[in-house]
Structure formats: structure tokens, C-alpha cells
$ cat target-v9.cif   # mmCIF, C-alpha atoms and all ligand atoms
data_start
loop_
_atom_site.label_atom_id
_atom_site.label_comp_id
_atom_site.auth_asym_id
_atom_site.auth_seq_id
_atom_site.Cartn_x
_atom_site.Cartn_y
_atom_site.Cartn_z
CA MET A 437 -1.49 25.87 25.45
CA LYS A 438 0.17 22.51 25.95
CA LYS A 439 3.60 21.75 24.54
CA VAL A 440 3.05 19.22 21.79
CA SER A 441 5.25 16.13 21.38
CA LEU A 442 4.98 14.22 18.12
CA LEU A 443 5.73 10.56 18.77
CA ALA A 444 3.39 9.02 16.23
CA PRO A 445 4.83 7.34 13.13
CA GLY A 446 4.45 10.51 11.13
CA PRO A 447 4.52 13.38 10.96
CA THR A 448 7.58 13.41 13.19
CA PRO A 449 9.23 16.49 14.79
CA VAL A 450 11.13 18.86 12.50
CA PRO A 451 14.56 19.90 13.91
CA PRO A 452 14.65 23.62 14.89
CA ARG A 453 17.62 24.30 12.57
CA THR A 454 15.58 22.88 9.66
CA LEU A 455 12.62 25.08 10.57
CA LEU A 456 15.01 28.05 10.40
CA ALA A 457 16.40 26.87 7.05
CA MET A 458 12.83 26.86 5.76
CA ALA A 459 12.22 30.36 7.11
CA GLN A 460 14.67 31.92 4.63
CA PRO A 461 13.20 34.35 2.09
CA LEU A 462 11.81 32.48 -0.88
CA ILE A 463 13.89 32.17 -4.02
CA HIS A 464 12.27 31.68 -7.41
CA HIS A 465 11.71 28.11 -8.54
CA ARG A 466 13.01 28.94 -12.05
CA SER A 467 16.23 30.65 -10.88
CA ALA A 468 19.80 29.40 -11.26
CA ASP A 469 20.06 29.35 -7.47
CA PHE A 470 17.15 26.95 -7.22
CA GLN A 471 18.52 24.76 -10.01
CA GLU A 472 21.59 24.36 -7.83
CA VAL A 473 19.35 23.37 -4.93
CA ILE A 474 17.59 20.72 -7.04
CA GLY A 475 20.99 19.36 -8.12
CA LYS A 476 22.07 19.00 -4.49
CA VAL A 477 18.75 17.42 -3.50
CA ARG A 478 19.08 14.86 -6.32
CA ALA A 479 22.58 13.96 -5.15
CA GLY A 480 21.43 13.73 -1.52
CA LEU A 481 18.55 11.44 -2.44
CA LYS A 482 20.81 9.09 -4.40
CA LYS A 483 23.08 8.86 -1.39
CA LEU A 484 20.21 8.18 1.00
CA PHE A 485 18.60 5.58 -1.28
CA GLN A 486 22.08 4.13 -1.96
CA THR A 487 21.43 4.09 -5.69
CA GLN A 488 22.65 5.26 -9.07
CA ASN A 489 19.00 5.46 -10.17
CA GLU A 490 17.31 8.79 -10.68
CA VAL A 491 15.20 9.57 -7.61
CA LEU A 492 12.27 11.79 -8.56
CA THR A 493 10.70 14.24 -6.14
CA PHE A 494 6.99 15.05 -6.23
CA CYS A 495 5.04 17.71 -4.42
CA SER A 496 2.54 15.36 -2.76
CA SER A 497 2.14 13.11 0.23
CA GLY A 498 3.45 9.53 0.05
CA THR A 499 0.29 8.20 -1.55
CA GLY A 500 1.04 10.33 -4.62
CA ALA A 501 4.27 8.38 -5.13
CA MET A 502 2.33 5.12 -4.68
CA GLU A 503 -0.21 6.22 -7.28
CA SER A 504 2.56 7.30 -9.68
CA SER A 505 4.04 3.80 -9.56
CA VAL A 506 0.79 2.33 -10.83
CA ALA A 507 0.07 5.06 -13.39
CA ASN A 508 3.58 4.90 -14.90
CA LEU A 509 4.23 1.16 -14.95
CA LEU A 510 0.93 -0.50 -15.82
CA SER A 511 -1.79 -0.46 -18.46
CA PRO A 512 -5.51 -0.96 -17.82
CA GLY A 513 -6.23 -4.69 -17.50
CA ASP A 514 -2.72 -5.53 -16.23
CA LYS A 515 -2.39 -7.82 -13.23
CA ALA A 516 -0.11 -7.06 -10.30
CA ILE A 517 0.48 -8.74 -6.95
CA THR A 518 -0.32 -6.62 -3.92
CA VAL A 519 0.70 -7.57 -0.40
CA SER A 520 -2.28 -6.77 1.82
CA GLY A 521 -1.00 -7.12 5.34
CA GLY A 522 -2.29 -3.85 6.73
CA LYS A 523 -3.84 -0.51 5.90
CA PHE A 524 -1.13 0.61 3.47
CA GLY A 525 -0.82 -2.74 1.71
CA GLU A 526 -4.57 -2.66 1.13
CA ARG A 527 -4.16 0.76 -0.46
CA TRP A 528 -2.26 -0.79 -3.41
CA ALA A 529 -5.31 -2.78 -4.46
CA LEU A 530 -7.51 0.34 -4.26
CA ILE A 531 -5.11 2.33 -6.46
CA LEU A 532 -4.79 -0.51 -8.98
CA LYS A 533 -8.57 -0.78 -9.28
CA ALA A 534 -8.87 3.00 -9.72
CA TYR A 535 -6.62 2.63 -12.80
CA GLY A 536 -8.53 -0.32 -14.23
CA CYS A 537 -5.79 -2.81 -13.27
CA THR A 538 -6.36 -6.13 -11.52
CA PRO A 539 -4.80 -6.71 -8.10
CA VAL A 540 -3.79 -10.27 -7.23
CA GLU A 541 -3.99 -9.78 -3.48
CA ILE A 542 -1.93 -11.81 -1.04
CA LEU A 543 -3.91 -11.55 2.18
CA VAL A 544 -1.34 -11.58 4.95
CA PRO A 545 -2.85 -11.63 8.46
CA TRP A 546 -2.24 -8.26 10.13
CA GLY A 547 0.84 -8.48 12.32
CA GLN A 548 2.60 -10.91 9.98
CA ALA A 549 5.04 -10.58 7.09
CA VAL A 550 4.57 -11.88 3.56
CA ASN A 551 6.21 -15.19 2.70
CA PRO A 552 8.40 -14.68 -0.41
CA ALA A 553 7.56 -18.25 -1.51
CA ASP A 554 3.90 -17.21 -1.92
CA VAL A 555 4.98 -14.40 -4.25
CA ALA A 556 7.29 -16.76 -6.17
CA LYS A 557 4.47 -19.28 -6.69
CA LEU A 558 2.03 -16.68 -8.00
CA LEU A 559 4.63 -15.31 -10.42
CA LYS A 560 5.50 -18.82 -11.61
CA ASP A 561 1.85 -19.77 -12.12
CA ASP A 562 1.04 -16.56 -14.00
CA PRO A 563 3.94 -14.98 -15.89
CA SER A 564 1.62 -12.24 -17.17
CA ILE A 565 1.76 -10.56 -13.73
CA LYS A 566 3.57 -7.26 -14.30
CA ALA A 567 4.53 -6.08 -10.83
CA VAL A 568 4.71 -6.83 -7.10
CA TYR A 569 3.59 -4.02 -4.81
CA VAL A 570 4.67 -4.21 -1.17
CA GLN A 571 5.60 -2.08 1.86
CA ALA A 572 9.09 -2.19 3.37
CA LEU A 573 7.44 -1.34 6.68
CA GLU A 574 3.67 -1.77 6.99
CA THR A 575 3.18 1.18 9.33
CA SER A 576 -0.28 0.09 10.48
CA THR A 577 1.06 -3.16 11.99
CA GLY A 578 4.72 -2.33 12.69
CA VAL A 579 5.90 -5.24 10.51
CA ASP A 580 8.83 -5.16 8.05
CA HIS A 581 8.24 -7.20 4.92
CA PRO A 582 11.30 -9.13 3.59
CA ILE A 583 12.01 -6.88 0.62
CA GLU A 584 15.57 -8.09 0.03
CA GLU A 585 14.24 -11.65 -0.38
CA LEU A 586 11.38 -10.42 -2.55
CA ALA A 587 13.90 -8.79 -4.88
CA GLN A 588 15.57 -12.19 -5.27
CA VAL A 589 12.17 -13.60 -6.26
CA THR A 590 11.32 -10.93 -8.85
CA LYS A 591 14.87 -10.61 -10.22
CA ASN A 592 14.59 -13.32 -12.87
CA THR A 593 10.95 -12.71 -13.76
CA GLY A 594 9.29 -10.09 -15.95
CA ALA A 595 7.73 -8.44 -12.90
CA VAL A 596 9.07 -5.30 -11.27
CA LEU A 597 9.24 -4.96 -7.50
CA VAL A 598 7.74 -1.73 -6.15
CA VAL A 599 8.56 -0.99 -2.51
CA ASP A 600 6.73 1.59 -0.45
CA ALA A 601 9.37 2.78 2.02
CA VAL A 602 7.42 5.84 3.19
CA SER A 603 7.99 4.95 6.84
CA ALA A 604 11.17 2.86 6.43
CA LEU A 605 13.62 4.95 4.44
CA GLY A 606 16.00 6.75 6.78
CA ALA A 607 14.95 4.64 9.76
CA TYR A 608 17.03 1.64 8.69
CA PRO A 609 19.25 0.94 5.69
CA ILE A 610 17.57 0.18 2.37
CA PRO A 611 20.44 -0.26 -0.09
CA VAL A 612 18.43 0.02 -3.28
CA ASP A 613 21.12 -1.03 -5.78
CA GLN A 614 22.69 -3.72 -3.62
CA TRP A 615 19.31 -5.38 -3.08
CA GLY A 616 18.17 -4.75 -6.67
CA LEU A 617 14.94 -2.92 -5.78
CA ASP A 618 13.30 -1.72 -9.00
CA VAL A 619 11.20 1.09 -7.54
CA VAL A 620 11.41 2.53 -4.03
CA LEU A 621 9.03 5.21 -2.80
CA SER A 622 9.20 7.46 0.23
CA GLY A 623 7.88 10.64 1.79
CA SER A 624 9.16 13.63 3.74
CA GLN A 625 7.27 13.46 7.02
CA LYS A 626 8.70 10.42 8.78
CA ALA A 627 12.38 9.49 9.14
CA LEU A 628 13.26 12.48 6.92
CA MET A 629 12.01 14.82 9.67
CA LEU A 630 10.31 17.32 7.35
CA PRO A 631 6.74 18.55 7.17
CA PRO A 632 4.45 16.48 4.93
CA GLY A 633 4.48 17.47 1.26
CA LEU A 634 7.33 15.73 -0.57
CA ALA A 635 7.25 12.24 -2.07
CA PHE A 636 10.11 10.38 -3.73
CA ALA A 637 10.48 7.61 -6.30
CA SER A 638 13.71 5.80 -7.16
CA ILE A 639 13.31 4.24 -10.59
CA GLY A 640 15.61 1.44 -11.76
CA PRO A 641 16.40 0.16 -15.28
CA LYS A 642 13.75 -2.61 -15.35
CA ALA A 643 11.07 -0.12 -14.32
CA LEU A 644 12.27 2.40 -16.91
CA GLU A 645 11.75 -0.26 -19.60
CA MET A 646 8.25 -1.13 -18.35
CA MET A 647 7.39 2.57 -18.19
CA LYS A 648 7.74 2.80 -21.99
CA THR A 649 4.76 0.51 -22.58
CA SER A 650 2.47 1.82 -19.82
CA LYS A 651 -0.89 3.07 -21.03
CA CYS A 652 -2.51 4.15 -17.76
CA PRO A 653 -3.48 7.83 -17.83
CA LYS A 654 -1.03 10.23 -16.18
CA PHE A 655 -0.35 13.92 -16.18
CA TYR A 656 0.94 15.53 -12.96
CA PHE A 657 2.65 12.31 -11.93
CA SER A 658 4.22 11.52 -15.30
CA TRP A 659 7.62 9.95 -14.59
CA ALA A 660 8.79 10.54 -18.20
CA LYS A 661 8.08 14.27 -17.91
CA GLU A 662 9.75 14.57 -14.50
CA LEU A 663 12.75 12.45 -15.52
CA LYS A 664 13.42 14.91 -18.30
CA SER A 665 12.87 18.04 -16.17
CA GLN A 666 14.53 16.89 -12.98
CA GLY A 667 17.41 15.46 -15.03
CA GLU A 668 18.10 19.09 -15.96
CA ASN A 669 17.66 20.23 -12.33
CA LYS A 670 14.23 21.70 -13.06
CA GLY A 671 10.76 20.81 -11.85
CA ALA A 672 8.07 20.21 -14.46
CA PHE A 673 5.73 22.31 -12.30
CA THR A 674 6.18 24.85 -9.48
CA SER A 675 8.52 23.19 -7.00
CA PRO A 676 7.85 23.40 -3.25
CA VAL A 677 10.89 25.62 -2.73
CA THR A 678 10.62 25.78 1.06
CA LEU A 679 10.52 22.02 1.49
CA PHE A 680 13.54 21.64 -0.80
CA MET A 681 15.43 24.09 1.43
CA GLY A 682 14.42 21.99 4.42
CA LEU A 683 15.54 18.80 2.72
CA LEU A 684 18.97 20.27 1.97
CA ASP A 685 19.34 21.06 5.65
CA ILE A 686 18.25 17.54 6.62
CA PHE A 687 20.89 16.07 4.30
CA ALA A 688 23.54 18.33 5.86
CA MET A 689 22.45 17.23 9.33
CA LEU A 690 22.44 13.53 8.39
CA ASP A 691 25.93 13.95 6.96
CA GLU A 692 27.15 15.54 10.19
CA TRP A 693 25.54 12.78 12.29
CA GLY A 694 26.42 9.91 9.95
CA MET A 695 23.74 7.48 8.81
CA ASP A 696 25.30 4.61 10.77
CA LYS A 697 24.75 6.55 13.96
CA VAL A 698 21.21 7.53 12.96
CA TYR A 699 20.35 3.87 12.31
CA ALA A 700 22.07 2.65 15.49
CA GLU A 701 20.25 5.18 17.68
CA THR A 702 16.91 4.22 16.16
CA VAL A 703 17.63 0.58 17.05
CA ILE A 704 18.41 1.51 20.67
CA ARG A 705 15.19 3.53 21.08
CA SER A 706 13.27 0.63 19.63
CA LYS A 707 14.97 -1.87 21.96
CA ALA A 708 14.31 0.34 24.98
CA PHE A 709 10.65 0.81 24.11
CA LYS A 710 10.13 -2.88 23.39
CA ALA A 711 11.77 -3.72 26.74
CA ALA A 712 9.22 -1.44 28.42
CA VAL A 713 6.37 -3.25 26.68
CA LYS A 714 7.69 -6.56 27.98
CA ALA A 715 8.05 -5.15 31.51
CA TRP A 716 4.37 -4.14 31.41
CA GLY A 717 3.48 -7.76 30.61
CA LEU A 718 2.22 -6.79 27.14
CA ASP A 719 2.94 -8.19 23.69
CA LEU A 720 3.89 -6.61 20.39
CA TYR A 721 1.15 -6.55 17.77
CA SER A 722 3.84 -7.38 15.19
CA LYS A 723 4.12 -11.16 15.51
CA GLN A 724 6.80 -11.40 12.82
CA ARG A 725 9.66 -9.08 11.86
CA PRO A 726 8.81 -6.20 14.24
CA SER A 727 10.31 -3.00 12.86
CA VAL A 728 12.81 -0.76 14.62
CA ALA A 729 11.14 2.34 13.19
CA LEU A 730 8.09 2.05 15.41
CA THR A 731 6.48 -0.26 17.95
CA ALA A 732 2.88 -1.47 17.71
CA VAL A 733 1.69 -2.62 21.13
CA GLN A 734 -1.15 -5.08 21.66
CA CYS A 735 -3.44 -3.59 24.32
CA PRO A 736 -4.58 -5.58 27.33
CA GLU A 737 -8.04 -7.19 26.80
CA ASN A 738 -9.92 -4.66 28.92
CA ILE A 739 -8.18 -1.52 27.66
CA ASP A 740 -9.25 0.41 24.57
CA GLY A 741 -6.16 1.50 22.64
CA GLN A 742 -7.95 4.61 21.38
CA LYS A 743 -8.37 5.70 25.00
CA VAL A 744 -4.62 5.37 25.60
CA VAL A 745 -3.98 7.58 22.57
CA LYS A 746 -6.58 10.13 23.71
CA TRP A 747 -5.25 10.14 27.30
CA LEU A 748 -1.76 11.06 26.09
CA LYS A 749 -3.05 13.71 23.70
CA ASP A 750 -5.56 15.37 26.04
CA LYS A 751 -3.61 15.23 29.28
CA TYR A 752 0.00 15.60 28.13
CA GLY A 753 -0.03 16.88 24.54
CA ILE A 754 1.78 13.73 23.40
CA PHE A 755 0.71 12.35 20.03
CA ILE A 756 1.06 8.62 19.49
CA ALA A 757 -1.06 6.63 17.03
CA GLY A 758 -3.87 4.15 17.55
CA GLY A 759 -4.85 1.19 15.40
CA GLN A 760 -6.60 1.46 12.05
CA ASP A 761 -9.51 -0.60 10.74
CA GLN A 762 -9.37 -4.14 12.22
CA ALA A 763 -6.68 -3.05 14.72
CA LYS A 764 -8.68 -0.03 15.94
CA GLY A 765 -8.96 -0.02 19.73
CA LYS A 766 -6.67 -3.04 19.99
CA ILE A 767 -3.28 -1.39 19.68
CA PHE A 768 -1.29 1.80 20.00
CA ARG A 769 1.85 2.74 18.05
CA VAL A 770 4.90 4.80 18.98
CA ALA A 771 7.63 5.99 16.59
CA HIS A 772 11.38 5.63 17.10
CA MET A 773 12.46 7.28 13.84
CA GLY A 774 13.53 10.84 13.14
CA TYR A 775 14.35 13.74 15.42
CA ILE A 776 13.62 12.12 18.77
CA ASN A 777 15.99 11.14 21.56
CA GLU A 778 16.15 8.83 24.58
CA PHE A 779 14.17 11.20 26.72
CA ASP A 780 11.37 11.55 24.19
CA THR A 781 11.09 7.77 24.28
CA LEU A 782 11.20 7.71 28.09
CA GLN A 783 8.58 10.45 28.13
CA ALA A 784 6.27 8.33 25.98
CA ILE A 785 6.85 5.26 28.15
CA SER A 786 6.17 7.22 31.32
CA ALA A 787 3.01 8.80 29.89
CA ILE A 788 1.72 5.43 28.65
CA GLU A 789 2.25 3.97 32.12
CA MET A 790 0.13 6.76 33.59
CA ALA A 791 -2.57 6.18 30.98
CA LEU A 792 -2.60 2.40 31.44
CA LYS A 793 -2.82 2.83 35.21
CA GLY A 794 -5.55 5.44 34.87
CA LEU A 795 -7.52 3.14 32.57
CA GLY A 796 -7.34 0.29 35.08
CA TYR A 797 -4.54 -1.97 33.87
CA ALA A 798 -2.79 -3.71 36.77
CA PHE A 799 1.00 -3.59 36.50
CA GLU A 800 3.96 -2.15 38.35
CA MET A 801 4.23 1.60 37.68
CA GLY A 802 7.72 2.55 36.61
CA SER A 803 8.64 -0.94 35.40
CA GLY A 804 8.69 0.12 31.76
CA VAL A 805 10.69 3.27 32.47
CA ALA A 806 13.24 1.23 34.45
CA ALA A 807 13.55 -1.40 31.70
CA ALA A 808 14.11 1.29 29.08
CA GLN A 809 16.59 3.21 31.27
CA LYS A 810 18.59 0.02 31.61
CA ILE A 811 18.87 -0.31 27.83
CA PHE A 812 19.78 3.35 27.38
CA GLY A 813 22.29 3.13 30.23
CA GLU A 814 24.03 0.16 28.61
CA ASN A 815 24.30 1.81 25.18
C1 LIG A 901 3.92 2.76 4.65
C2 LIG A 901 3.13 3.96 4.27
N1 LIG A 901 2.75 4.11 3.00
C3 LIG A 901 2.06 5.15 2.59
C4 LIG A 901 1.68 6.13 3.47
C5 LIG A 901 0.85 7.23 2.96
O1 LIG A 901 1.51 8.37 2.99
P1 LIG A 901 0.73 9.76 2.97
O2 LIG A 901 -0.21 9.77 4.13
O3 LIG A 901 1.88 10.67 3.11
O4 LIG A 901 0.03 9.85 1.68
C6 LIG A 901 2.04 6.05 4.80
C7 LIG A 901 1.65 7.07 5.78
O5 LIG A 901 1.55 6.88 6.94
C8 LIG A 901 2.78 4.93 5.21
O6 LIG A 901 3.16 4.79 6.48
#
$ encode --input "target-v9.cif" --output "C-alpha cells"
Amino acid sequence: MKKVSLLAPGPTPVPPRTLLAMAQPLIHHRSADFQEVIGKVRAGLKKLFQTQNEVLTFCSSGTGAMESSVANLLSPGDKAITVSGGKFGERWALILKAYGCTPVEILVPWGQAVNPADVAKLLKDDPSIKAVYVQALETSTGVDHPIEELAQVTKNTGAVLVVDAVSALGAYPIPVDQWGLDVVLSGSQKALMLPPGLAFASIGPKALEMMKTSKCPKFYFSWAKELKSQGENKGAFTSPVTLFMGLLDIFAMLDEWGMDKVYAETVIRSKAFKAAVKAWGLDLYSKQRPSVALTAVQCPENIDGQKVVKWLKDKYGIFIAGGQDQAKGKIFRVAHMGYINEFDTLQAISAIEMALKGLGYAFEMGSGVAAAQKIFGEN
């Protein structure tokens, strides 16, 4: 069996010490011991999100948190802006429609970031719009949307800003209170280095007010119910005890490392990888605001991106990601977030060089590795 390396933008590798923390005998989810765990997790989440808001935890993947932000804020017939600049942005409109709400879609070309002025104009023209739904990092294109600027736009309107930071939180700073982000969502399986299965929602005062008038149906994802339970260090339902144990260990590890260092190292891996892309004579797919959390590479004309992904998986056991929908076959994506180091990044670069060469792309073998080594050597 091949050793597997996870270098796709989720799920990312889980640190061995965290795997061991999750291997402890189960404790009961209604015990005093577990209440203490929930209390520590709540404090750790507030620190990570840099907020005084309550940050709810759900037993679901990230999409559950996205869905909860529609179900708990809106009523059927409500209008909300959705930023459709990739696969995950498009998901907002699908969720809104499933709840009988009306998406006002801003169609951002894939690879580009939303212009806050477009959001401001829509909100000015139609003050009945209740919310703006956007990604911090649109994982399918590798683009960061300008969420700090968007918060400035929504601040003095009746609309709440809902930010999907599933792939961004923990990869770079998102100071929720400083930027005034009403709702911020995330998940466990990316920069938080855990298995999939936990989703998070930070809920600010403006969103709490809007929640009171929401008439969309909700049960499992009821924020009101969870705010009450989790406020008392309890889960409304059976909590995923093992994942909570893992999350406590991740918080301990992040404390030991220091978030500044975590963020700085992510930037260096991103710089090194992007230098390799340039050395190969290739371009980023992200034409504006390329993220540090991952790199989306535009494939050469004659190379199918899916074949690069398959080459790495089949020959070397290395998992990177391809493109989705309109980007399928045209790109491949490599993560820089989470429990990976310089040599994981160099490994990916080296493997991609072998794949590109094997698939017939003409370039100088080793040029990407050398460019990345230079960056790592200097930092
Ligand atoms: C930005 C973003 N939002 C939402 C999701 C969906 O999360 P999940 O697959 O955990 O439901 C992902 C997953 O890749 C993502 O990257």
C-alpha cells in the first residue's frame, strides 16, 4: 500500500498527537467532564475567531453551517445577495432557493474577486435585501474575496454579512470583531487539521436580532436552541465527543506554536509554491487576490488538469485537487494550510514536475523545486 499524502485543500492531514488525543476512551456527552470540554472548546473558538460572539459548533460538514445561516436568518420570500464566483459561491443560491428565498446573484467571473461597489449598489437600490452571502476564500478558484471591505459596505445597512470561511479560518487572520463580520462559518477539515465532521458559526449582535424574525423551517440546525444549550456547555443533541477531544488538542497545539507563526509559515509555503508555478512558465488561475491558503494553477493548453491529479494519486499516493465544473481539466489546486511543512510542499512541486513532464509539457525539470528551495532557504 502506498503512503498517502493529503495536499488537497481539504481534508488536510491530522497531526499524530491529535489522532492519539482522539483515541482516548470515550467519555459520556452528558457528563461533567464533557461539559468542561465544551467550555474549553467555546473559549478556544472565540480566540481563534477573534470574537466576543458565541461560536456555535455543529456536527456536520461545512455546508451544514452554510445552510444554518439561511435557515436561521431569513424567511421564505426574502431576498439576499449571493456572490457566485466559484463552486461554493454558487452553493449559496442553491441553498436559498431550497428555503424559498430569492438569491440576487452577483456573477463574478471565476478567478476574480467581487467588487464591493457592486454589493453597495445593489443594497442601495433595494433596501429590502436582508443579507449578503460570500466566501472569504472561494476554494474552487483560490481567490480571497474582500470581506473586510464588504463589512464596511453592509455596516450601515439593514443587511447582515455572512462569510463562509470554511477554507480560510486558521490559514490567515480573520479578526471577526475588528472587521465587524456578522456571521462567520467554518469547518474542521481544513486549516483546523481535524477529520471532517464539525462546523462552526460565529453569530454577532445584528444577526441575533435578525434571527428573531426568521420564519424559515429549522430543527437540527436551530441557532436559538444551540445558543441556549451550548451557552450552558451542553449540546442540544449527541455531541461528537471524539472530534471535540481532537479540537481541544488542536487548540493546545496552536497555542504552543502561536497563530502568528502558523500564519507566517502558511504565507511562506504559498510563496514558495507560487514561485515554482512561475518557474514552470505557468499562471495562477486566481487572477485577483490569490489566497495564501492554497494555489490554483492554470494548466498548459495541451495538458488536462485531471490527468495531473490522477498521476500524483496513482503513481505517488499524493492527493491534490482538480478543477470543478467550468474549471474541470483546466486547473489543479494544492493546499498550503494546516499540518504540512516545507518538504510536503517541495514533495508536491517535485511530483507535479514529474507529472507535467510525463504528460508532455516542455519545461526545465527541477526549476520549480529550485525556485521553492530558494524561498524556503531565505525564510
Ligand atoms: C469555501 C468552502 N465552503 C464550503 C465548503 C463545503 O464544506 P463541506 O464539504 O465540508 O460541506 C467547502 C469545502 O471544500 C469550502 O471550501
$ residues_around --input "target-v9.cif" --residues "Leu782 of chain A" --least-positions-apart "2" --cutoff "10 Å" --atoms "all atoms listed in the file" --output "ChimeraX atom specification"
/A:705,708-709,712,777-780,784-788,804-806,808-809,812
$ residues_near_ligand --input "target-v9.cif" --ligand "ligand LIG 901 (chain A)" --cutoff "10 Å" --atoms "all atoms listed in the file" --output "number ranges by chain"
A: 444-447, 496-503, 522-525, 527-528, 570-578, 580, 599-605, 621-626, 632-635
$ residues_around --input "target-v9.cif" --residues "Val703 of chain A" --least-positions-apart "2" --cutoff "9 Å" --atoms "all atoms listed in the file" --output "MDAnalysis selection string"
chainID A and resid 607:608 698:701 705:708 728:729 772
$ axis_aligned_box --input "target-v9.cif" --around "segment 809-815 of chain A" --padding-each-side "5 Å" --output "JSON"
{"center_x": 20.4, "center_y": 1.5, "center_z": 28.4, "size_x": 17.7, "size_y": 13.7, "size_z": 16.4}
$ atom_distance --input "target-v9.cif" --atom1 "atom CA of Pro611 of chain A" --atom2 "atom CA of Gln588 of chain A"
13.9 Å
$ closest_residue --input "target-v9.cif" --among "A:Leu481, A:Ala637, A:Val677, A:Leu443" --to "Leu663 of chain A" --atoms "only C-alpha atoms"
A:Ala637
$ residues_around --input "target-v9.cif" --residues "segment 685-695 of chain A" --least-positions-apart "5" --cutoff "7 Å" --atoms "only C-alpha atoms" --output "ChimeraX atom specification"
/A:454,457,480
$ residues_around --input "target-v9.cif" --residues "Gly717 of chain A" --least-positions-apart "6" --cutoff "12 Å" --atoms "all atoms listed in the file" --output "number ranges by chain"
A: 710-711, 733-736, 789, 792, 797-801, 803-804, 807
$ write_last_selection --input "target-v9.cif" --atoms "C-alpha atoms" --output "mmCIF file, keeping the file's coordinate frame"
data_model
loop_
_atom_site.group_PDB
_atom_site.id
_atom_site.type_symbol
_atom_site.label_atom_id
_atom_site.label_comp_id
_atom_site.auth_asym_id
_atom_site.auth_seq_id
_atom_site.Cartn_x
_atom_site.Cartn_y
_atom_site.Cartn_z
ATOM 1 C CA LYS A 710 10.130 -2.880 23.390
ATOM 2 C CA ALA A 711 11.770 -3.720 26.740
ATOM 3 C CA VAL A 733 1.690 -2.620 21.130
ATOM 4 C CA GLN A 734 -1.150 -5.080 21.660
ATOM 5 C CA CYS A 735 -3.440 -3.590 24.320
ATOM 6 C CA PRO A 736 -4.580 -5.580 27.330
ATOM 7 C CA GLU A 789 2.250 3.970 32.120
ATOM 8 C CA LEU A 792 -2.600 2.400 31.440
ATOM 9 C CA TYR A 797 -4.540 -1.970 33.870
ATOM 10 C CA ALA A 798 -2.790 -3.710 36.770
ATOM 11 C CA PHE A 799 1.000 -3.590 36.500
ATOM 12 C CA GLU A 800 3.960 -2.150 38.350
ATOM 13 C CA MET A 801 4.230 1.600 37.680
ATOM 14 C CA SER A 803 8.640 -0.940 35.400
ATOM 15 C CA GLY A 804 8.690 0.120 31.760
ATOM 16 C CA ALA A 807 13.550 -1.400 31.700
#
$ residues_near_point --input "target-v9.cif" --point "(7.0, -5.2, -6.2)" --cutoff "9 Å" --atoms "all atoms listed in the file" --output "list in words"
Ala516, Ile517, Thr518, Val519, Ala567, Val568, Tyr569, Val570, Gln571, Ile583, Leu586, Ala587, Thr590, Ala595, Val596, Leu597, Val598, Val599, Asp600, Leu617, Asp618 and Val619 of chain A
$ residues_around --input "target-v9.cif" --residues "Arg725 of chain A" --least-positions-apart "5" --cutoff "8 Å" --atoms "all atoms listed in the file" --output "ChimeraX atom specification"
/A:548-549,579-581
$ atom_distance --input "target-v9.cif" --atom1 "atom CA of Gly594 of chain A" --atom2 "atom CA of Met646 of chain A"
9.3 Å
$ atom_distance --input "target-v9.cif" --atom1 "atom CA of Asn815 of chain A" --atom2 "atom CA of Ala791 of chain A"
27.8 Å
$ closest_residue --input "target-v9.cif" --among "A:Pro451, A:Gly475, A:Pro641, A:Pro582" --to "Phe680 of chain A" --atoms "only C-alpha atoms"
A:Gly475
$ closest_residue --input "target-v9.cif" --among "A:Asp554, A:Asp719, A:Asp740, A:Asp514" --to "Cys537 of chain A" --atoms "all atoms listed in the file"
A:Asp514
$ residues_near_point --input "target-v9.cif" --point "(-8.9, 2.8, -12.7)" --cutoff "12 Å" --atoms "all atoms listed in the file" --output "ChimeraX atom specification"
/A:503,506-507,510-514,528-539,651-654
$ closest_residue --input "target-v9.cif" --among "A:Leu509, A:Leu795, A:Ala556, A:Ala660" --to "Glu737 of chain A" --atoms "only C-alpha atoms"
A:Leu795
$ closest_residue --input "target-v9.cif" --among "A:Met437, A:Met681, A:Leu559, A:Ile811" --to "Pro461 of chain A" --atoms "all atoms listed in the file"
A:Met681
$ closest_residue --input "target-v9.cif" --among "A:Ala715, A:Leu492, A:Ile767, A:Leu630" --to "Gly741 of chain A" --atoms "only C-alpha atoms"
A:Ile767
$ build_atoms --input "target-v9.cif" --residues "segment 675-687 of chain A" --atoms "N, CA and C atoms" --output "short mmCIF file (atom, residue, chain, number, x, y, z; two decimals), in the coordinates of the input"
data_model
loop_
_atom_site.label_atom_id
_atom_site.label_comp_id
_atom_site.auth_asym_id
_atom_site.auth_seq_id
_atom_site.Cartn_x
_atom_site.Cartn_y
_atom_site.Cartn_z
N SER A 675 7.96 24.04 -8.07
CA SER A 675 8.52 23.19 -7.00
C SER A 675 8.21 23.76 -5.63
N PRO A 676 8.04 22.92 -4.62
CA PRO A 676 7.85 23.40 -3.25
C PRO A 676 9.20 23.87 -2.69
N VAL A 677 9.55 25.08 -3.01
CA VAL A 677 10.89 25.62 -2.73
C VAL A 677 11.27 25.47 -1.25
N THR A 678 10.34 25.80 -0.38
CA THR A 678 10.62 25.78 1.06
C THR A 678 10.98 24.38 1.55
N LEU A 679 10.23 23.39 1.06
CA LEU A 679 10.52 22.02 1.49
C LEU A 679 11.86 21.53 0.95
N PHE A 680 12.21 21.98 -0.26
CA PHE A 680 13.54 21.64 -0.80
C PHE A 680 14.64 22.22 0.08
N MET A 681 14.43 23.47 0.54
CA MET A 681 15.43 24.09 1.43
C MET A 681 15.57 23.27 2.71
N GLY A 682 14.41 22.83 3.21
CA GLY A 682 14.42 21.99 4.42
C GLY A 682 15.16 20.69 4.17
N LEU A 683 14.91 20.09 3.01
CA LEU A 683 15.54 18.80 2.72
C LEU A 683 17.06 18.93 2.62
N LEU A 684 17.51 20.05 2.03
CA LEU A 684 18.97 20.27 1.97
C LEU A 684 19.56 20.31 3.38
N ASP A 685 18.84 20.98 4.27
CA ASP A 685 19.34 21.06 5.65
C ASP A 685 19.34 19.68 6.32
N ILE A 686 18.30 18.90 6.05
CA ILE A 686 18.25 17.54 6.62
C ILE A 686 19.44 16.72 6.12
N PHE A 687 19.74 16.83 4.83
CA PHE A 687 20.89 16.07 4.30
C PHE A 687 22.19 16.52 4.97
#
